[in-house]
Every structure is written in C-alpha cells, then in structure tokens.
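See below for input-v4.csv, which holds CSV, C-alpha atoms.
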chain,number,residue,atom,x,y,z
A,164,MET,CA,31.6,-46.0,4.5
A,165,THR,CA,29.5,-43.0,3.8
A,166,ALA,CA,29.7,-40.0,6.0
A,167,GLN,CA,26.7,-39.5,8.2
A,168,HIS,CA,25.4,-36.0,8.3
A,169,GLU,CA,24.1,-34.8,11.6
A,170,PRO,CA,20.8,-33.0,11.2
A,171,GLU,CA,21.0,-29.3,11.7
A,172,PRO,CA,19.6,-28.1,15.0
A,173,ALA,CA,16.1,-26.9,14.7
A,174,ARG,CA,15.9,-23.1,14.4
A,175,HIS,CA,13.4,-21.6,16.8
A,176,ALA,CA,11.7,-18.5,15.7
A,177,PRO,CA,11.9,-15.7,18.2
A,178,ASP,CA,8.8,-14.8,20.1
A,179,ALA,CA,9.4,-11.2,19.0
A,180,LEU,CA,11.7,-9.3,16.8
A,181,ASP,CA,14.6,-7.7,18.6
A,182,ALA,CA,15.3,-4.0,18.2
A,183,GLU,CA,18.0,-4.5,15.7
A,184,ALA,CA,15.7,-6.7,13.5
A,185,VAL,CA,12.9,-4.1,13.7
A,186,ALA,CA,15.3,-1.3,12.8
A,187,ARG,CA,16.6,-3.3,9.8
A,188,LEU,CA,13.2,-4.2,8.6
A,189,SER,CA,12.0,-0.6,8.9
A,190,GLY,CA,15.2,0.6,7.3
A,191,ALA,CA,14.6,-1.7,4.4
A,192,ILE,CA,10.9,-1.3,3.7
A,193,LEU,CA,10.4,2.4,3.9
A,194,PRO,CA,13.3,3.5,1.7
A,195,LEU,CA,12.5,0.7,-0.7
A,196,ARG,CA,9.0,1.9,-1.1
A,197,ARG,CA,10.1,5.5,-1.5
A,198,ALA,CA,12.7,4.7,-4.2
A,199,LEU,CA,10.2,2.5,-6.0
A,200,VAL,CA,7.5,5.2,-6.0
A,201,ARG,CA,10.1,7.8,-7.3
A,202,LEU,CA,11.2,5.5,-10.1
A,203,ALA,CA,7.7,4.5,-11.2
A,204,ARG,CA,6.5,8.2,-11.1
A,205,THR,CA,9.4,9.2,-13.3
A,206,ASP,CA,8.9,6.3,-15.7
A,207,VAL,CA,5.3,7.2,-16.4
A,208,ARG,CA,5.6,10.9,-15.8
A,209,LEU,CA,3.0,11.0,-13.2
A,210,PRO,CA,2.6,14.2,-11.1
A,211,GLU,CA,3.4,14.0,-7.5
A,212,LEU,CA,0.5,12.9,-5.4
A,213,PRO,CA,0.8,12.9,-1.6
A,214,ASP,CA,0.8,9.4,-0.1
A,215,SER,CA,-2.5,10.2,1.7
A,216,GLN,CA,-4.2,10.9,-1.6
A,217,VAL,CA,-2.8,7.7,-3.1
A,218,GLU,CA,-3.9,5.8,-0.1
A,219,LEU,CA,-7.4,7.2,-0.4
A,220,LEU,CA,-7.5,6.3,-4.1
A,221,ARG,CA,-6.4,2.8,-3.3
A,222,ALA,CA,-9.4,2.5,-0.9
A,223,LEU,CA,-11.6,3.1,-4.0
A,224,PRO,CA,-10.9,0.2,-6.3
A,225,PRO,CA,-12.5,0.4,-9.8
A,226,GLY,CA,-16.3,0.4,-9.5
A,227,ALA,CA,-16.3,0.9,-5.7
A,228,VAL,CA,-18.6,3.6,-4.3
A,229,ARG,CA,-18.0,4.5,-0.7
A,230,PRO,CA,-19.1,7.3,1.7
A,231,PRO,CA,-16.4,9.6,3.1
A,232,GLY,CA,-17.0,8.5,6.7
A,233,GLU,CA,-16.3,4.9,5.8
A,234,LEU,CA,-13.1,6.0,4.1
A,235,ALA,CA,-12.1,8.1,7.1
A,236,SER,CA,-12.6,5.1,9.4
A,237,GLU,CA,-10.7,2.7,7.2
A,238,LEU,CA,-7.8,5.0,6.7
A,239,GLY,CA,-7.6,6.2,10.3
A,240,LEU,CA,-8.1,9.8,9.3
A,241,SER,CA,-10.5,12.5,10.6
A,242,ARG,CA,-13.5,13.3,8.6
A,243,PRO,CA,-12.2,16.9,8.0
A,244,ALA,CA,-8.9,15.5,6.7
A,245,VAL,CA,-10.7,13.1,4.3
A,246,SER,CA,-12.9,16.0,3.2
A,247,ASN,CA,-9.9,18.0,2.4
A,248,LEU,CA,-8.3,15.1,0.5
A,249,LEU,CA,-11.5,14.6,-1.5
A,250,LYS,CA,-11.7,18.3,-2.4
A,251,ALA,CA,-8.1,18.1,-3.8
A,252,LEU,CA,-8.7,14.9,-5.6
A,253,GLU,CA,-12.0,16.2,-7.1
A,254,ALA,CA,-10.3,19.3,-8.3
A,255,ASP,CA,-7.7,17.1,-10.1
A,256,GLY,CA,-10.5,15.0,-11.7
A,257,LEU,CA,-9.5,11.9,-9.7
A,258,ILE,CA,-12.7,11.3,-7.9
A,259,THR,CA,-16.4,12.0,-8.4
A,260,ARG,CA,-19.0,12.6,-5.8
A,261,HIS,CA,-22.6,11.4,-6.1
A,262,VAL,CA,-25.6,11.9,-3.9
A,263,ALA,CA,-26.0,8.6,-2.0
A,264,GLU,CA,-28.9,6.5,-3.2
A,265,THR,CA,-29.8,5.4,0.4
A,266,ASN,CA,-30.0,8.9,1.8
A,267,ARG,CA,-30.0,12.0,-0.3
A,268,ARG,CA,-28.3,14.0,2.4
A,269,TYR,CA,-25.1,12.0,2.1
A,270,VAL,CA,-22.5,11.8,-0.6
A,271,ASP,CA,-20.7,8.7,-2.0
A,272,VAL,CA,-17.3,8.9,-3.6
A,273,GLN,CA,-15.9,7.0,-6.5
A,274,ALA,CA,-12.5,7.0,-8.2
A,275,SER,CA,-12.7,8.5,-11.7
A,276,LYS,CA,-11.6,6.6,-14.8
A,277,ARG,CA,-8.6,8.9,-14.9
A,278,ALA,CA,-7.5,7.9,-11.4
A,279,VAL,CA,-8.0,4.2,-12.2
A,280,ARG,CA,-5.8,4.6,-15.3
A,281,ARG,CA,-3.2,6.6,-13.5
A,282,LEU,CA,-2.9,4.0,-10.7
A,283,ALA,CA,-2.8,1.2,-13.2
A,284,ARG,CA,0.1,2.9,-15.1
A,285,PHE,CA,1.9,3.5,-11.8
A,286,ASP,CA,1.4,-0.1,-10.7
A,287,ARG,CA,2.7,-1.4,-14.1
A,288,ALA,CA,5.8,0.9,-13.9
A,289,SER,CA,6.4,-0.1,-10.3
A,290,ALA,CA,6.2,-3.8,-11.0
A,291,LYS,CA,8.5,-3.4,-14.0
A,292,ARG,CA,11.1,-1.6,-11.9
A,293,LEU,CA,10.8,-4.1,-9.0
A,294,ALA,CA,11.3,-7.0,-11.4
A,295,GLU,CA,14.4,-5.3,-12.9
A,296,ALA,CA,15.9,-4.7,-9.5
A,297,ALA,CA,15.1,-8.3,-8.4
A,298,ARG,CA,17.1,-9.6,-11.4
A,299,GLU,CA,20.2,-8.1,-9.6
A,300,LEU,CA,19.7,-10.5,-6.7
A,301,SER,CA,20.9,-14.0,-6.5
A,302,SER,CA,18.4,-16.8,-7.1
A,303,GLY,CA,18.6,-17.7,-3.4
A,304,GLU,CA,17.8,-14.1,-2.5
A,305,ARG,CA,14.8,-14.1,-4.9
A,306,GLU,CA,13.6,-17.4,-3.4
A,307,ALA,CA,13.9,-15.9,0.1
A,308,LEU,CA,11.9,-12.9,-0.9
A,309,VAL,CA,9.1,-15.1,-2.3
A,310,ALA,CA,9.2,-17.2,0.8
A,311,ALA,CA,8.9,-14.1,3.0
A,312,LEU,CA,5.8,-12.8,1.2
A,313,PRO,CA,3.2,-14.6,3.3
A,314,ALA,CA,4.9,-13.3,6.5
A,315,LEU,CA,5.2,-9.8,5.1
A,316,GLU,CA,1.5,-9.8,4.1
A,317,HIS,CA,0.6,-11.1,7.6
A,318,LEU,CA,2.8,-8.4,9.1
A,319,ARG,CA,1.0,-5.7,7.0
A,320,ASP,CA,-2.4,-7.0,8.2
A,321,ALA,CA,-1.2,-7.1,11.8
A,322,VAL,CA,0.0,-3.5,11.6
A,323,ARG,CA,-3.4,-2.5,10.2
A,324,ALA,CA,-5.2,-4.4,13.0
A,325,VAL,CA,-3.1,-2.7,15.6
A,326,SER,CA,-3.9,0.7,14.0
A,327,ALA,CA,-7.6,-0.1,13.9
A,328,ALA,CA,-7.6,-1.1,17.5
A,329,GLN,CA,-5.8,2.0,18.5
A,330,ARG,CA,-8.3,4.2,16.6
A,331,ALA,CA,-11.2,2.4,18.3
A,332,GLU,CA,-9.7,3.2,21.7
A,333,HIS,CA,-9.5,7.0,21.0
I'd like the structure from this file rewritten - as structure tokens, please.
Amino acid sequence: MTAQHEPEPARHAPDALDAEAVARLSGAILPLRRALVRLARTDVRLPELPDSQVELLRALPPGAVRPPGELASELGLSRPAVSNLLKALEADGLITRHVAETNRRYVDVQASKRAVRRLARFDRASAKRLAEAARELSSGEREALVAALPALEHLRDAVRAVSAAQRAEH
C-alpha cells in the first residue's frame, strides 16, 4: 500500500505586508543596492555621481531628447533642482542642451555619448558582480529570486505610482 500524501494547505497571501516584512524588505533592498553600486563603481573606476544625477541620466536613454520640465515631473523634483543637476552634468560633459525645435525659447536635454558609455560600463560591472554574488546562493534561492522578479517589478511600479500621485496632490 502506498502512502497517501495529504495536499499542503493552500497558502494565502496576506492583504498587506506586516511591519516586520516591510522592514526586512527595505533592509535588504537598500543596502544591496548601495553595495552593488560601490562594487561596480570600483570595478570600472567611475567617479562618484550622486544618485540624483544617475537617476536623471537614466531618464535620458540613448537618443532621447527631453525638456527639463518633463524630467522634473517624472523624477518628482523641482525645476530649480533639475536645473542645478543639469548644470553639474553639463559641466562634466554628461549631457548636452539644445534649443527646442518646437519652441526656440525652450531647451531640450540629451545624455552625451560619454554618459551613455559610462552608464553602460557601470551596468555591465553591476551585472557581473550581481551574477558572481548570486552564484553563492543555493539553486533554490536563485529560483526564488527569479520567481520574485515580477512581484518586485510590480512593487517598483506601484511605488512610482504612489509617488506620482503624491506629487500631483501637492
């Protein structure tokens, strides 16, 4: 006679994360990101760039031309803050400004080839270091990370949506 296995009880996802889960998630994501950035910058000998400058450059993918006001809105920053970031990035040769084709009184911004190359080098170094670290995990842990990716991406998008809604209220 073969043993009958009782099915495992269905696990119900909580309606919300409890405080401990939120703290653990935050405590894992933020230090992981900082450590990965530090490793990648060291690997490719990139100068320190404030996160706000990196975030602005990421809003300018290769070939994209955008007005500063649009960048400010997307990033949730004031126009003067974006203007200051753009001045610093322009001084470092990481962005170029062009008179807008639609209205000569406005300026459009584009990431320079130097910025695109720098971000690509950083992304390659970051991916390499993340892959190296992931090899230290068990196969089950790696599978769990891959399975969690859609939820993490959705969480990222939800946080961005909450942020955008908050900016719209103010």
Any idea what's packed within 10 Å of Leu219 in chain A, counting all atoms listed in the file, ignoring anything in its chain fewer than 6 positions away? Could you give it as a VMD selection string?
-> chain A and resid 231 234 to 235 237 to 238 245 248 to 249 252 274
Of the candidates A:Ala297, A:Asn247, A:Ala328, A:Asp286, which one gets nearest to Val309 in chain A if we count all atoms listed in the file?
->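 Closest residue, counting all atoms listed in the file: A:Ala297.
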Two-atom distance - CA of His261 in chain A, CA of Leu282 in chain A (Å) = 21.5 Å
Interatomic distance between CA of Leu180 in chain A and CA of Leu308 in chain A?
-> 18.1 Å
Which range 310-333 of chain A residues have any atom within 12 Å of an atom of range 181-201 of chain A, and for each, what is the nearest pair of atoms with distance in Å to one decimal, counting all atoms listed in the file, rows sorted by chain and number, as a tab-separated table?
residue	atom	partner	partner_atom	distance
A:Leu315	CA	A:Ile192	CA	10.3
A:Leu318	CA	A:Leu188	CA	11.2
A:Arg319	CA	A:Ile192	CA	11.3
Could you save those same residues with C-alpha atoms as a PDB file, in the coordinates of the input?
ATOM      1  CA  LEU A 315       5.200  -9.800   5.100  1.00  0.00           C
ATOM      2  CA  LEU A 318       2.800  -8.400   9.100  1.00  0.00           C
ATOM      3  CA  ARG A 319       1.000  -5.700   7.000  1.00  0.00           C
TER       4      ARG A 319
END
Point-to-point distance from CA of Gln216 in chain A to CA of Ser246 in chain A, Å rounded to tenths | 11.2 Å
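When all atoms listed in the file are used to compute distances to Ala227 in chain A, the closest of the residues A:Ser275, A:Ser301, A:Ser326, A:Thr265 turns out to be A:Ser275.
Compared by their closest atoms to Arg208 in chain A, and using all atoms listed in the file, the residues A:Arg268, A:Arg221, A:Ala307, A:Arg284 rank with A:Arg284 nearest.
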When distances are computed from all atoms listed in the file, which of A:Gln329, A:Ser302, A:Thr205, A:Ser215 shows the smallest separation from Ala244 in chain A?
->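 The answer is A:Ser215, which sits nearest to Ala244 in chain A.
Excluding Leu202 in chain A itself and same-chain residues fewer than 5 positions from it, the residues having an atom within 12 Å of it are Leu195, Arg196, Arg197, Val207, Arg208, Leu209, Glu211, Phe285, Asp286, Arg287, Ala288, Ser289, Ala290, Lys291, Arg292, Leu293, Glu295 and Ala296 of chain A, counting all atoms listed in the file.
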Check the smallest atom-to-atom distance from each of A:Ala311, A:Ala278, A:Leu220, A:Val270 to Leu257 in chain A using only C-alpha atoms, then report the winner.
->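 Ranked by minimum distance to Leu257 in chain A, first place goes to A:Ala278.
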Min atom-atom distance to Gly226 in chain A from the set A:Leu300, A:Ala310, A:Ala331, A:Ile258, counting all atoms listed in the file, belongs to A:Ile258
As a CSV table (one decimal), keeping the file's coordinate frame, please: range 266-277 of chain A completed to all heavy atoms.
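Saved result, rebuild-v7.csv, follows:
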chain,number,residue,atom,x,y,z
A,266,ASN,N,-29.6,7.7,1.1
A,266,ASN,CA,-30.0,8.9,1.8
A,266,ASN,C,-29.5,10.1,1.1
A,266,ASN,O,-28.3,10.4,1.0
A,266,ASN,CB,-29.3,8.9,3.2
A,266,ASN,CG,-29.8,10.0,4.1
A,266,ASN,OD1,-30.2,11.0,3.6
A,266,ASN,ND2,-29.7,9.8,5.4
A,267,ARG,N,-30.4,10.9,0.5
A,267,ARG,CA,-30.0,12.0,-0.3
A,267,ARG,C,-29.2,13.1,0.4
A,267,ARG,O,-28.7,14.0,-0.3
A,267,ARG,CB,-31.3,12.6,-0.9
A,267,ARG,CG,-32.3,11.6,-1.5
A,267,ARG,CD,-32.2,11.3,-3.0
A,267,ARG,NE,-31.9,12.4,-3.9
A,267,ARG,CZ,-31.2,12.1,-5.0
A,267,ARG,NH1,-30.8,10.9,-5.3
A,267,ARG,NH2,-31.0,13.1,-5.9
A,268,ARG,N,-29.1,13.1,1.7
A,268,ARG,CA,-28.3,14.0,2.4
A,268,ARG,C,-26.9,13.7,2.4
A,268,ARG,O,-26.0,14.5,2.8
A,268,ARG,CB,-28.8,14.2,3.9
A,268,ARG,CG,-30.2,14.7,4.0
A,268,ARG,CD,-30.7,14.8,5.4
A,268,ARG,NE,-30.7,13.5,6.0
A,268,ARG,CZ,-30.8,13.2,7.3
A,268,ARG,NH1,-30.8,14.1,8.2
A,268,ARG,NH2,-30.8,11.9,7.7
A,269,TYR,N,-26.5,12.5,2.0
A,269,TYR,CA,-25.1,12.0,2.1
A,269,TYR,C,-24.5,11.9,0.7
A,269,TYR,O,-25.3,11.8,-0.3
A,269,TYR,CB,-25.0,10.7,2.8
A,269,TYR,CG,-25.4,10.8,4.2
A,269,TYR,CD1,-26.7,10.4,4.6
A,269,TYR,CD2,-24.5,11.3,5.2
A,269,TYR,CE1,-27.0,10.5,6.0
A,269,TYR,CE2,-24.9,11.4,6.5
A,269,TYR,CZ,-26.1,11.0,6.9
A,269,TYR,OH,-26.5,11.1,8.2
A,270,VAL,N,-23.2,11.9,0.6
A,270,VAL,CA,-22.5,11.8,-0.6
A,270,VAL,C,-21.7,10.5,-0.7
A,270,VAL,O,-21.1,10.1,0.4
A,270,VAL,CB,-21.6,13.0,-0.8
A,270,VAL,CG1,-20.7,12.9,-2.0
A,270,VAL,CG2,-22.4,14.3,-0.9
A,271,ASP,N,-21.6,9.9,-1.8
A,271,ASP,CA,-20.7,8.7,-2.0
A,271,ASP,C,-19.6,9.2,-2.9
A,271,ASP,O,-19.8,10.1,-3.7
A,271,ASP,CB,-21.5,7.6,-2.6
A,271,ASP,CG,-22.4,6.8,-1.6
A,271,ASP,OD1,-22.0,6.8,-0.4
A,271,ASP,OD2,-23.4,6.3,-2.0
A,272,VAL,N,-18.5,8.5,-2.8
A,272,VAL,CA,-17.3,8.9,-3.6
A,272,VAL,C,-16.9,7.7,-4.5
A,272,VAL,O,-17.0,6.5,-4.0
A,272,VAL,CB,-16.2,9.2,-2.6
A,272,VAL,CG1,-14.9,9.6,-3.4
A,272,VAL,CG2,-16.6,10.4,-1.7
A,273,GLN,N,-16.4,8.0,-5.6
A,273,GLN,CA,-15.9,7.0,-6.5
A,273,GLN,C,-14.6,7.5,-7.3
A,273,GLN,O,-14.6,8.7,-7.6
A,273,GLN,CB,-17.0,6.6,-7.6
A,273,GLN,CG,-16.6,5.5,-8.5
A,273,GLN,CD,-17.8,5.1,-9.4
A,273,GLN,OE1,-18.8,5.9,-9.6
A,273,GLN,NE2,-17.8,3.9,-9.9
A,274,ALA,N,-13.6,6.6,-7.4
A,274,ALA,CA,-12.5,7.0,-8.2
A,274,ALA,C,-12.9,7.2,-9.7
A,274,ALA,O,-13.7,6.4,-10.2
A,274,ALA,CB,-11.4,5.9,-8.1
A,275,SER,N,-12.4,8.2,-10.3
A,275,SER,CA,-12.7,8.5,-11.7
A,275,SER,C,-11.9,7.5,-12.6
A,275,SER,O,-10.9,6.9,-12.1
A,275,SER,CB,-12.3,9.9,-12.0
A,275,SER,OG,-10.9,10.1,-12.0
A,276,LYS,N,-12.3,7.4,-13.8
A,276,LYS,CA,-11.6,6.6,-14.8
A,276,LYS,C,-10.1,7.1,-14.9
A,276,LYS,O,-9.2,6.2,-15.1
A,276,LYS,CB,-12.3,6.6,-16.1
A,276,LYS,CG,-13.6,5.8,-16.1
A,276,LYS,CD,-14.3,5.9,-17.4
A,276,LYS,CE,-15.7,5.2,-17.3
A,276,LYS,NZ,-16.4,5.3,-18.5
A,277,ARG,N,-10.0,8.3,-14.8
A,277,ARG,CA,-8.6,8.9,-14.9
A,277,ARG,C,-7.8,8.4,-13.8
A,277,ARG,O,-6.6,8.1,-14.0
A,277,ARG,CB,-8.7,10.4,-14.9
A,277,ARG,CG,-7.4,11.2,-14.9
A,277,ARG,CD,-7.6,12.7,-15.0
A,277,ARG,NE,-6.4,13.3,-15.0
A,277,ARG,CZ,-6.2,14.6,-14.5
A,277,ARG,NH1,-7.2,15.3,-14.1
A,277,ARG,NH2,-5.0,15.1,-14.6
